[in-house]
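Have a look at the structure below before the remarks.
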Amino acid sequence: MTTKTTRWLIAMLVALSMIAAACGGNDDDDTGTGEPAAPATEAPAAPEPEPEAEEPEPEAEEAAPQEPEPEESEPEEEPVFEPAPTEEPEPEIPLTATWRGVTADTITIGVTYLDMEQLVELGFSPATWGDQELVIQALADDINDRGGINGRQVEVIMDKYNPIGATEAEAACLRLTEDNKVFAILFGFLGPAEVANTCIVGTQETILVGGTITPDRLADARAPWVNERVTRDVSTGALFTLLDAEGMLQGKSIAVVADISAAAQLDEVAGLLRERGIEPVLEISTSSQVADLIAQNQEWSALAERIRAAGSDTLLLVGNASAGIENAALNGLEVDVWATDASGLGSNIGSNVDPESARGVITVGAMTGSQIYETDPRFKECLDAFNAKHPDIEIKHPDTLEEGEPLWFTALSGHCRFFQIFELLATKAGPDLTHETFAEAIAKIGEFSIAGQPYASLGTDKLSSNDSFQLLEQDPDLGARGQLVPIGPMRDATP
């Protein structure tokens, strides 16, 4: 037993020493010299370290780094799905009737438009604006083809009015609000018919996108009201700022003449000049009505002598510039002519005005018709929408029209702005479309762009969208009766 035990222990020690040697150890030098032959007879134990010598495991360890590669690429795909939780709840909000003119499926709006045929007959426009109802319906259809506004389709009810007086405008207001119960009205009323805008936003408490906003009329408003133009004080301030930037303001002897529609702004305009160190040599407003050409000419005959006697070298026309432009030429006034309002210039110059009389008249405005037609992406959206519905009707470049050709471009670009503003605000208001949410949208919409206005914005205290200004000069050699051409850079006048 003792001998066997001794031999077993020796064999185990030798085997352990050989395993240790195979693992890289050198401690077997002192294992003893007594019985070296014994382990030789048990040599089968020697191969046992060989599995340790097989080193496939390090190779597997070297290959291991390749496995995480697909795991690293997977997290990169996860953000693609992150927006889904925020987008999914929107369709779950049920659409219901939220306000007069708003049902679960539709938003009914009224769109007024000018009786251009009547204006042509009266001599206030050189041509009609084409079929405005086709333009209006095409723009509404485009919104609906794109899914509507927050899931609701837009239905339009159109009403034509004559702006010479307020009678037709007030009747249109009642038809749209009382008979058809529209949610909002686009375009509103212009010219002498402007007073009827208070019928919309005041007595009828209906949203208006359009018209001309004045402090007095706004005070009577009981519904949200915005438009696409600027107030006269803002555009006049921009005119003076841009003239000053071009070195054209200082040293001028300026006579300020306001037409009857702008008489209330005469003091304000003169004050803006004084703020820039210019004292007007004359401040006066006319009293003759726009439609009474004989009375206008008689009044201007006497006024021209006063302007000449005052030593004026510049005539600043506030409001409708047609009478002032024509009579300055008829009475031989050798003055530079500036106009606060661009609306009566360009292709819209009155038919009673000799286009040559308006040569060189300087005003301020946003993009010209030529710029809009050629470069404005927001207008192109509306142009494409109309062309898709009426491929047989050509909307011509405004500078290529012959005298008397319909001004389709004017109708399309104008109505385009109203629809784009309304769509922006109604979308911002959300599915719960009411006067309150529409007013909140006005307050929060901030900066945006619409046709003809690369810089635009609205806010609680800013209800007119246009912030885009450049100096413009009337060129009678362009188009049928003249066009406004830029003479300075476009500026962003956002406060």
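All residue names refer to the structure tokens as shown: chains lettered A, B, ... in order, residues numbered from 1 in each chain, ligands numbered from 1 in order.
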- Message: Show me, as JSON, numbers by chain, the residues that have an atom within 8 Å of Glu403 (chain A) when counting only C-alpha atoms, minus same-chain residues fewer than 2 positions from it.
- Response: {"A": [126, 127, 401, 405, 479, 480, 481]}
At a cut-off of 10 Å, using only C-alpha atoms, what residues contact region 110-120 of chain A? Leave out same-chain residues fewer than 6 positions from it and give the result as a PDB file with N, CA and C atoms, in the first residue's frame.
ATOM      1  N   GLY A 101     -70.382  77.949 -39.966  1.00  0.00           N
ATOM      2  CA  GLY A 101     -69.655  77.743 -41.202  1.00  0.00           C
ATOM      3  C   GLY A 101     -68.633  76.634 -41.142  1.00  0.00           C
ATOM      4  N   PRO A 126     -58.166  99.672 -67.193  1.00  0.00           N
ATOM      5  CA  PRO A 126     -57.964  99.478 -68.630  1.00  0.00           C
ATOM      6  C   PRO A 126     -58.486  98.150 -69.147  1.00  0.00           C
ATOM      7  N   ALA A 127     -58.708  97.186 -68.255  1.00  0.00           N
ATOM      8  CA  ALA A 127     -59.149  95.857 -68.701  1.00  0.00           C
ATOM      9  C   ALA A 127     -59.745  95.093 -67.527  1.00  0.00           C
ATOM     10  N   THR A 128     -60.465  94.049 -67.840  1.00  0.00           N
ATOM     11  CA  THR A 128     -61.021  93.182 -66.801  1.00  0.00           C
ATOM     12  C   THR A 128     -59.907  92.295 -66.237  1.00  0.00           C
ATOM     13  N   TRP A 129     -60.259  91.512 -65.230  1.00  0.00           N
ATOM     14  CA  TRP A 129     -59.306  90.580 -64.626  1.00  0.00           C
ATOM     15  C   TRP A 129     -59.593  89.145 -65.048  1.00  0.00           C
ATOM     16  N   GLY A 130     -60.223  88.965 -66.207  1.00  0.00           N
ATOM     17  CA  GLY A 130     -60.584  87.620 -66.619  1.00  0.00           C
ATOM     18  C   GLY A 130     -61.771  87.132 -65.799  1.00  0.00           C
ATOM     19  N   ASP A 131     -61.978  85.829 -65.788  1.00  0.00           N
ATOM     20  CA  ASP A 131     -63.068  85.226 -65.031  1.00  0.00           C
ATOM     21  C   ASP A 131     -62.582  84.926 -63.617  1.00  0.00           C
ATOM     22  N   GLN A 132     -62.888  85.838 -62.704  1.00  0.00           N
ATOM     23  CA  GLN A 132     -62.374  85.690 -61.339  1.00  0.00           C
ATOM     24  C   GLN A 132     -62.955  84.473 -60.628  1.00  0.00           C
ATOM     25  N   GLU A 133     -64.156  84.081 -60.988  1.00  0.00           N
ATOM     26  CA  GLU A 133     -64.745  82.916 -60.325  1.00  0.00           C
ATOM     27  C   GLU A 133     -63.977  81.643 -60.661  1.00  0.00           C
ATOM     28  N   ILE A 136     -60.884  81.810 -58.354  1.00  0.00           N
ATOM     29  CA  ILE A 136     -61.211  81.530 -56.955  1.00  0.00           C
ATOM     30  C   ILE A 136     -61.484  80.046 -56.744  1.00  0.00           C
ATOM     31  N   GLN A 137     -62.272  79.440 -57.620  1.00  0.00           N
ATOM     32  CA  GLN A 137     -62.605  78.026 -57.451  1.00  0.00           C
ATOM     33  C   GLN A 137     -61.380  77.133 -57.624  1.00  0.00           C
ATOM     34  N   GLU A 155     -65.293  74.993 -48.896  1.00  0.00           N
ATOM     35  CA  GLU A 155     -66.369  75.336 -49.822  1.00  0.00           C
ATOM     36  C   GLU A 155     -66.432  76.854 -49.949  1.00  0.00           C
ATOM     37  N   VAL A 156     -66.515  77.354 -51.180  1.00  0.00           N
ATOM     38  CA  VAL A 156     -66.512  78.802 -51.392  1.00  0.00           C
ATOM     39  C   VAL A 156     -67.841  79.273 -51.956  1.00  0.00           C
ATOM     40  N   ILE A 157     -68.263  80.437 -51.464  1.00  0.00           N
ATOM     41  CA  ILE A 157     -69.429  81.127 -51.992  1.00  0.00           C
ATOM     42  C   ILE A 157     -68.950  82.497 -52.449  1.00  0.00           C
ATOM     43  N   MET A 158     -69.128  82.808 -53.728  1.00  0.00           N
ATOM     44  CA  MET A 158     -68.567  84.030 -54.314  1.00  0.00           C
ATOM     45  C   MET A 158     -69.625  85.105 -54.485  1.00  0.00           C
ATOM     46  N   ASP A 159     -69.189  86.366 -54.310  1.00  0.00           N
ATOM     47  CA  ASP A 159     -70.122  87.479 -54.454  1.00  0.00           C
ATOM     48  C   ASP A 159     -69.404  88.679 -55.054  1.00  0.00           C
ATOM     49  N   LYS A 160     -69.943  89.179 -56.151  1.00  0.00           N
ATOM     50  CA  LYS A 160     -69.341  90.300 -56.874  1.00  0.00           C
ATOM     51  C   LYS A 160     -69.918  91.627 -56.366  1.00  0.00           C
ATOM     52  N   TYR A 161     -69.084  92.684 -56.358  1.00  0.00           N
ATOM     53  CA  TYR A 161     -69.581  93.989 -55.929  1.00  0.00           C
ATOM     54  C   TYR A 161     -68.923  95.104 -56.737  1.00  0.00           C
ATOM     55  N   ASN A 162     -69.609  96.216 -56.826  1.00  0.00           N
ATOM     56  CA  ASN A 162     -69.094  97.424 -57.460  1.00  0.00           C
ATOM     57  C   ASN A 162     -68.539  98.321 -56.358  1.00  0.00           C
ATOM     58  N   PRO A 163     -67.264  98.697 -56.423  1.00  0.00           N
ATOM     59  CA  PRO A 163     -66.669  99.476 -55.332  1.00  0.00           C
ATOM     60  C   PRO A 163     -67.031 100.956 -55.334  1.00  0.00           C
ATOM     61  N   ILE A 164     -67.752 101.422 -56.348  1.00  0.00           N
ATOM     62  CA  ILE A 164     -68.141 102.828 -56.393  1.00  0.00           C
ATOM     63  C   ILE A 164     -69.351 103.007 -55.482  1.00  0.00           C
ATOM     64  N   ALA A 169     -71.667  96.537 -51.753  1.00  0.00           N
ATOM     65  CA  ALA A 169     -70.788  95.838 -50.817  1.00  0.00           C
ATOM     66  C   ALA A 169     -71.549  95.419 -49.562  1.00  0.00           C
ATOM     67  N   ALA A 172     -73.686  92.489 -50.349  1.00  0.00           N
ATOM     68  CA  ALA A 172     -72.867  91.275 -50.451  1.00  0.00           C
ATOM     69  C   ALA A 172     -72.495  90.766 -49.065  1.00  0.00           C
ATOM     70  N   CYS A 173     -72.184  91.669 -48.168  1.00  0.00           N
ATOM     71  CA  CYS A 173     -71.859  91.289 -46.801  1.00  0.00           C
ATOM     72  C   CYS A 173     -72.998  90.507 -46.162  1.00  0.00           C
ATOM     73  N   ARG A 175     -75.526  88.935 -47.657  1.00  0.00           N
ATOM     74  CA  ARG A 175     -75.767  87.661 -48.331  1.00  0.00           C
ATOM     75  C   ARG A 175     -74.818  86.578 -47.825  1.00  0.00           C
ATOM     76  N   LEU A 176     -73.552  86.943 -47.671  1.00  0.00           N
ATOM     77  CA  LEU A 176     -72.549  85.955 -47.265  1.00  0.00           C
ATOM     78  C   LEU A 176     -72.679  85.571 -45.795  1.00  0.00           C
ATOM     79  N   THR A 177     -72.933  86.536 -44.948  1.00  0.00           N
ATOM     80  CA  THR A 177     -72.940  86.258 -43.502  1.00  0.00           C
ATOM     81  C   THR A 177     -74.284  85.762 -42.988  1.00  0.00           C
ATOM     82  N   ASN A 180     -75.780  82.817 -46.023  1.00  0.00           N
ATOM     83  CA  ASN A 180     -74.923  81.642 -46.218  1.00  0.00           C
ATOM     84  C   ASN A 180     -74.101  81.255 -45.005  1.00  0.00           C
ATOM     85  N   LYS A 181     -74.074  82.129 -44.003  1.00  0.00           N
ATOM     86  CA  LYS A 181     -73.421  81.825 -42.723  1.00  0.00           C
ATOM     87  C   LYS A 181     -71.998  81.292 -42.896  1.00  0.00           C
ATOM     88  N   VAL A 182     -71.188  82.071 -43.575  1.00  0.00           N
ATOM     89  CA  VAL A 182     -69.801  81.656 -43.823  1.00  0.00           C
ATOM     90  C   VAL A 182     -68.961  81.817 -42.560  1.00  0.00           C
ATOM     91  N   PHE A 183     -67.878  81.049 -42.487  1.00  0.00           N
ATOM     92  CA  PHE A 183     -66.952  81.162 -41.353  1.00  0.00           C
ATOM     93  C   PHE A 183     -66.076  82.395 -41.485  1.00  0.00           C
ATOM     94  N   ALA A 184     -65.642  82.703 -42.715  1.00  0.00           N
ATOM     95  CA  ALA A 184     -64.754  83.840 -42.963  1.00  0.00           C
ATOM     96  C   ALA A 184     -65.008  84.369 -44.364  1.00  0.00           C
ATOM     97  N   ILE A 185     -64.585  85.600 -44.595  1.00  0.00           N
ATOM     98  CA  ILE A 185     -64.666  86.211 -45.914  1.00  0.00           C
ATOM     99  C   ILE A 185     -63.270  86.613 -46.359  1.00  0.00           C
ATOM    100  N   LEU A 186     -62.939  86.309 -47.609  1.00  0.00           N
ATOM    101  CA  LEU A 186     -61.651  86.677 -48.195  1.00  0.00           C
ATOM    102  C   LEU A 186     -61.846  87.812 -49.186  1.00  0.00           C
ATOM    103  N   PHE A 187     -60.876  88.682 -49.286  1.00  0.00           N
ATOM    104  CA  PHE A 187     -60.817  89.835 -50.177  1.00  0.00           C
ATOM    105  C   PHE A 187     -61.454  91.057 -49.533  1.00  0.00           C
ATOM    106  N   GLY A 188     -62.720  90.973 -49.087  1.00  0.00           N
ATOM    107  CA  GLY A 188     -63.363  92.132 -48.482  1.00  0.00           C
ATOM    108  C   GLY A 188     -63.725  93.181 -49.512  1.00  0.00           C
ATOM    109  N   PHE A 189     -63.722  94.456 -49.089  1.00  0.00           N
ATOM    110  CA  PHE A 189     -64.152  95.544 -49.957  1.00  0.00           C
ATOM    111  C   PHE A 189     -63.082  96.627 -50.030  1.00  0.00           C
ATOM    112  N   LEU A 190     -62.928  97.196 -51.233  1.00  0.00           N
ATOM    113  CA  LEU A 190     -61.902  98.203 -51.481  1.00  0.00           C
ATOM    114  C   LEU A 190     -62.535  99.486 -52.001  1.00  0.00           C
ATOM    115  N   LEU A 208     -62.391  88.344 -41.353  1.00  0.00           N
ATOM    116  CA  LEU A 208     -62.086  88.944 -42.653  1.00  0.00           C
ATOM    117  C   LEU A 208     -60.592  88.855 -42.933  1.00  0.00           C
ATOM    118  N   VAL A 209     -60.252  88.316 -44.090  1.00  0.00           N
ATOM    119  CA  VAL A 209     -58.880  88.322 -44.594  1.00  0.00           C
ATOM    120  C   VAL A 209     -58.896  89.191 -45.848  1.00  0.00           C
ATOM    121  N   GLY A 210     -58.551  90.463 -45.676  1.00  0.00           N
ATOM    122  CA  GLY A 210     -58.587  91.388 -46.790  1.00  0.00           C
ATOM    123  C   GLY A 210     -59.088  92.748 -46.361  1.00  0.00           C
ATOM    124  N   GLY A 350     -54.985 104.488 -63.810  1.00  0.00           N
ATOM    125  CA  GLY A 350     -56.324 104.792 -64.305  1.00  0.00           C
ATOM    126  C   GLY A 350     -56.349 105.059 -65.799  1.00  0.00           C
ATOM    127  N   SER A 351     -57.452 104.691 -66.447  1.00  0.00           N
ATOM    128  CA  SER A 351     -57.565 104.878 -67.889  1.00  0.00           C
ATOM    129  C   SER A 351     -57.636 106.345 -68.273  1.00  0.00           C
ATOM    130  N   GLY A 404     -56.019  96.315 -73.299  1.00  0.00           N
ATOM    131  CA  GLY A 404     -57.363  95.749 -73.315  1.00  0.00           C
ATOM    132  C   GLY A 404     -57.427  94.268 -73.022  1.00  0.00           C
ATOM    133  N   PRO A 406     -57.386  90.874 -70.923  1.00  0.00           N
ATOM    134  CA  PRO A 406     -57.746  90.614 -69.528  1.00  0.00           C
ATOM    135  C   PRO A 406     -56.507  90.430 -68.645  1.00  0.00           C
ATOM    136  N   ALA A 411     -55.658  89.055 -61.102  1.00  0.00           N
ATOM    137  CA  ALA A 411     -56.654  88.311 -60.321  1.00  0.00           C
ATOM    138  C   ALA A 411     -56.021  87.131 -59.602  1.00  0.00           C
ATOM    139  N   HIS A 415     -55.810  87.001 -55.440  1.00  0.00           N
ATOM    140  CA  HIS A 415     -56.581  85.992 -54.706  1.00  0.00           C
ATOM    141  C   HIS A 415     -55.669  84.928 -54.104  1.00  0.00           C
ATOM    142  N   PHE A 418     -54.690  85.925 -50.579  1.00  0.00           N
ATOM    143  CA  PHE A 418     -55.755  85.759 -49.588  1.00  0.00           C
ATOM    144  C   PHE A 418     -55.914  84.293 -49.194  1.00  0.00           C
ATOM    145  N   PHE A 419     -55.913  83.411 -50.177  1.00  0.00           N
ATOM    146  CA  PHE A 419     -56.074  81.990 -49.876  1.00  0.00           C
ATOM    147  C   PHE A 419     -54.888  81.458 -49.077  1.00  0.00           C
TER     148      PHE A 419
END
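Shortest separation to Phe409 (chain A) among A:Leu218, A:Lys252, A:Phe469, A:Val135 occurs at residue A:Val135, atoms counted being only C-alpha atoms.
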- What's the 10 Å shell around Ile393 (chain A), counting only C-alpha atoms, without same-chain residues fewer than 6 positions away, as JSON, numbers by chain? {"A": [130, 386, 387, 408]}
Resulting file, chosen residues, N, CA, C and O atoms, as a PDB file, in the first residue's frame:
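Wrote it out as result31.pdb, contents follow:
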ATOM      1  N   GLY A 130     -60.223  88.965 -66.207  1.00  0.00           N
ATOM      2  CA  GLY A 130     -60.584  87.620 -66.619  1.00  0.00           C
ATOM      3  C   GLY A 130     -61.771  87.132 -65.799  1.00  0.00           C
ATOM      4  O   GLY A 130     -62.507  87.907 -65.197  1.00  0.00           O
ATOM      5  N   PHE A 386     -53.940  76.639 -60.988  1.00  0.00           N
ATOM      6  CA  PHE A 386     -54.898  77.118 -61.985  1.00  0.00           C
ATOM      7  C   PHE A 386     -54.693  76.403 -63.319  1.00  0.00           C
ATOM      8  O   PHE A 386     -55.662  75.987 -63.964  1.00  0.00           O
ATOM      9  N   ASN A 387     -53.447  76.256 -63.735  1.00  0.00           N
ATOM     10  CA  ASN A 387     -53.160  75.592 -65.012  1.00  0.00           C
ATOM     11  C   ASN A 387     -53.652  74.146 -65.013  1.00  0.00           C
ATOM     12  O   ASN A 387     -54.075  73.622 -66.053  1.00  0.00           O
ATOM     13  N   TRP A 408     -55.563  88.508 -66.196  1.00  0.00           N
ATOM     14  CA  TRP A 408     -55.691  87.269 -65.421  1.00  0.00           C
ATOM     15  C   TRP A 408     -54.640  87.208 -64.311  1.00  0.00           C
ATOM     16  O   TRP A 408     -54.922  86.742 -63.198  1.00  0.00           O
TER      17      TRP A 408
END
- Query: Counting only C-alpha atoms, which of A:Tyr373, A:Gly324, A:Thr286, A:Thr108 gets nearest to Asn352 (chain A)?
  - Reply: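 With only C-alpha atoms as the atom set, the closest residue is A:Gly324.
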- Message: Nearest residue to Gly414 (chain A) out of A:Arg232, A:Arg378, A:Lys462, A:Lys444, using only C-alpha atoms?
- Response: A:Arg378
- Task: List the neighbours of Gly344 (chain A) out to 9 Å using only C-alpha atoms; skip same-chain residues closer than 3 positions along the sequence, and give me the result as a list in words.
- Result: Gly319, Asn320, Ala321, Ser322, Asp341, Ser347, Asn348, Ile349 and Gly350 of chain A
- Students should find that CA of Leu471 (chain A) and CA of Glu246 (chain A) are spaced 9.6 Å
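Take the candidates A:Ala193, A:Val234, A:Ile213, A:Leu273 and check each one against Ser253 (chain A) using only C-alpha atoms; the shortest distance goes to A:Leu273.
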- Separation of CA of Asp384 (chain A) and CA of Cys416 (chain A), in Å?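 About the pair CA of Asp384 (chain A) and CA of Cys416 (chain A): they are 11.5 Å apart.
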- Message: Which residues are near Ser357 (chain A)? Cut-off 8 Å, only C-alpha atoms, ignore same chain within fewer than 5 positions. Put them as JSON, numbers by chain.
- Response: {"A": [325, 326, 329]}
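Taking CA of Ile93 (chain A) and CA of Gly430 (chain A) as endpoints, the distance between them is 10.3 Å.
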- Check region 252-398 of chain A with DSSP on the backbone and list each residue it calls helix (DSSP H, G or I), as a ChimeraX atom specification. /A:260-275,293-309,322-330,346-348,355-358,369-375,377-389,398
- Item | Using only C-alpha atoms: which of A:Glu228, A:Asp145, A:Asp233, A:Asp259 has the shortest distance to Gln453 (chain A) | A:Glu228
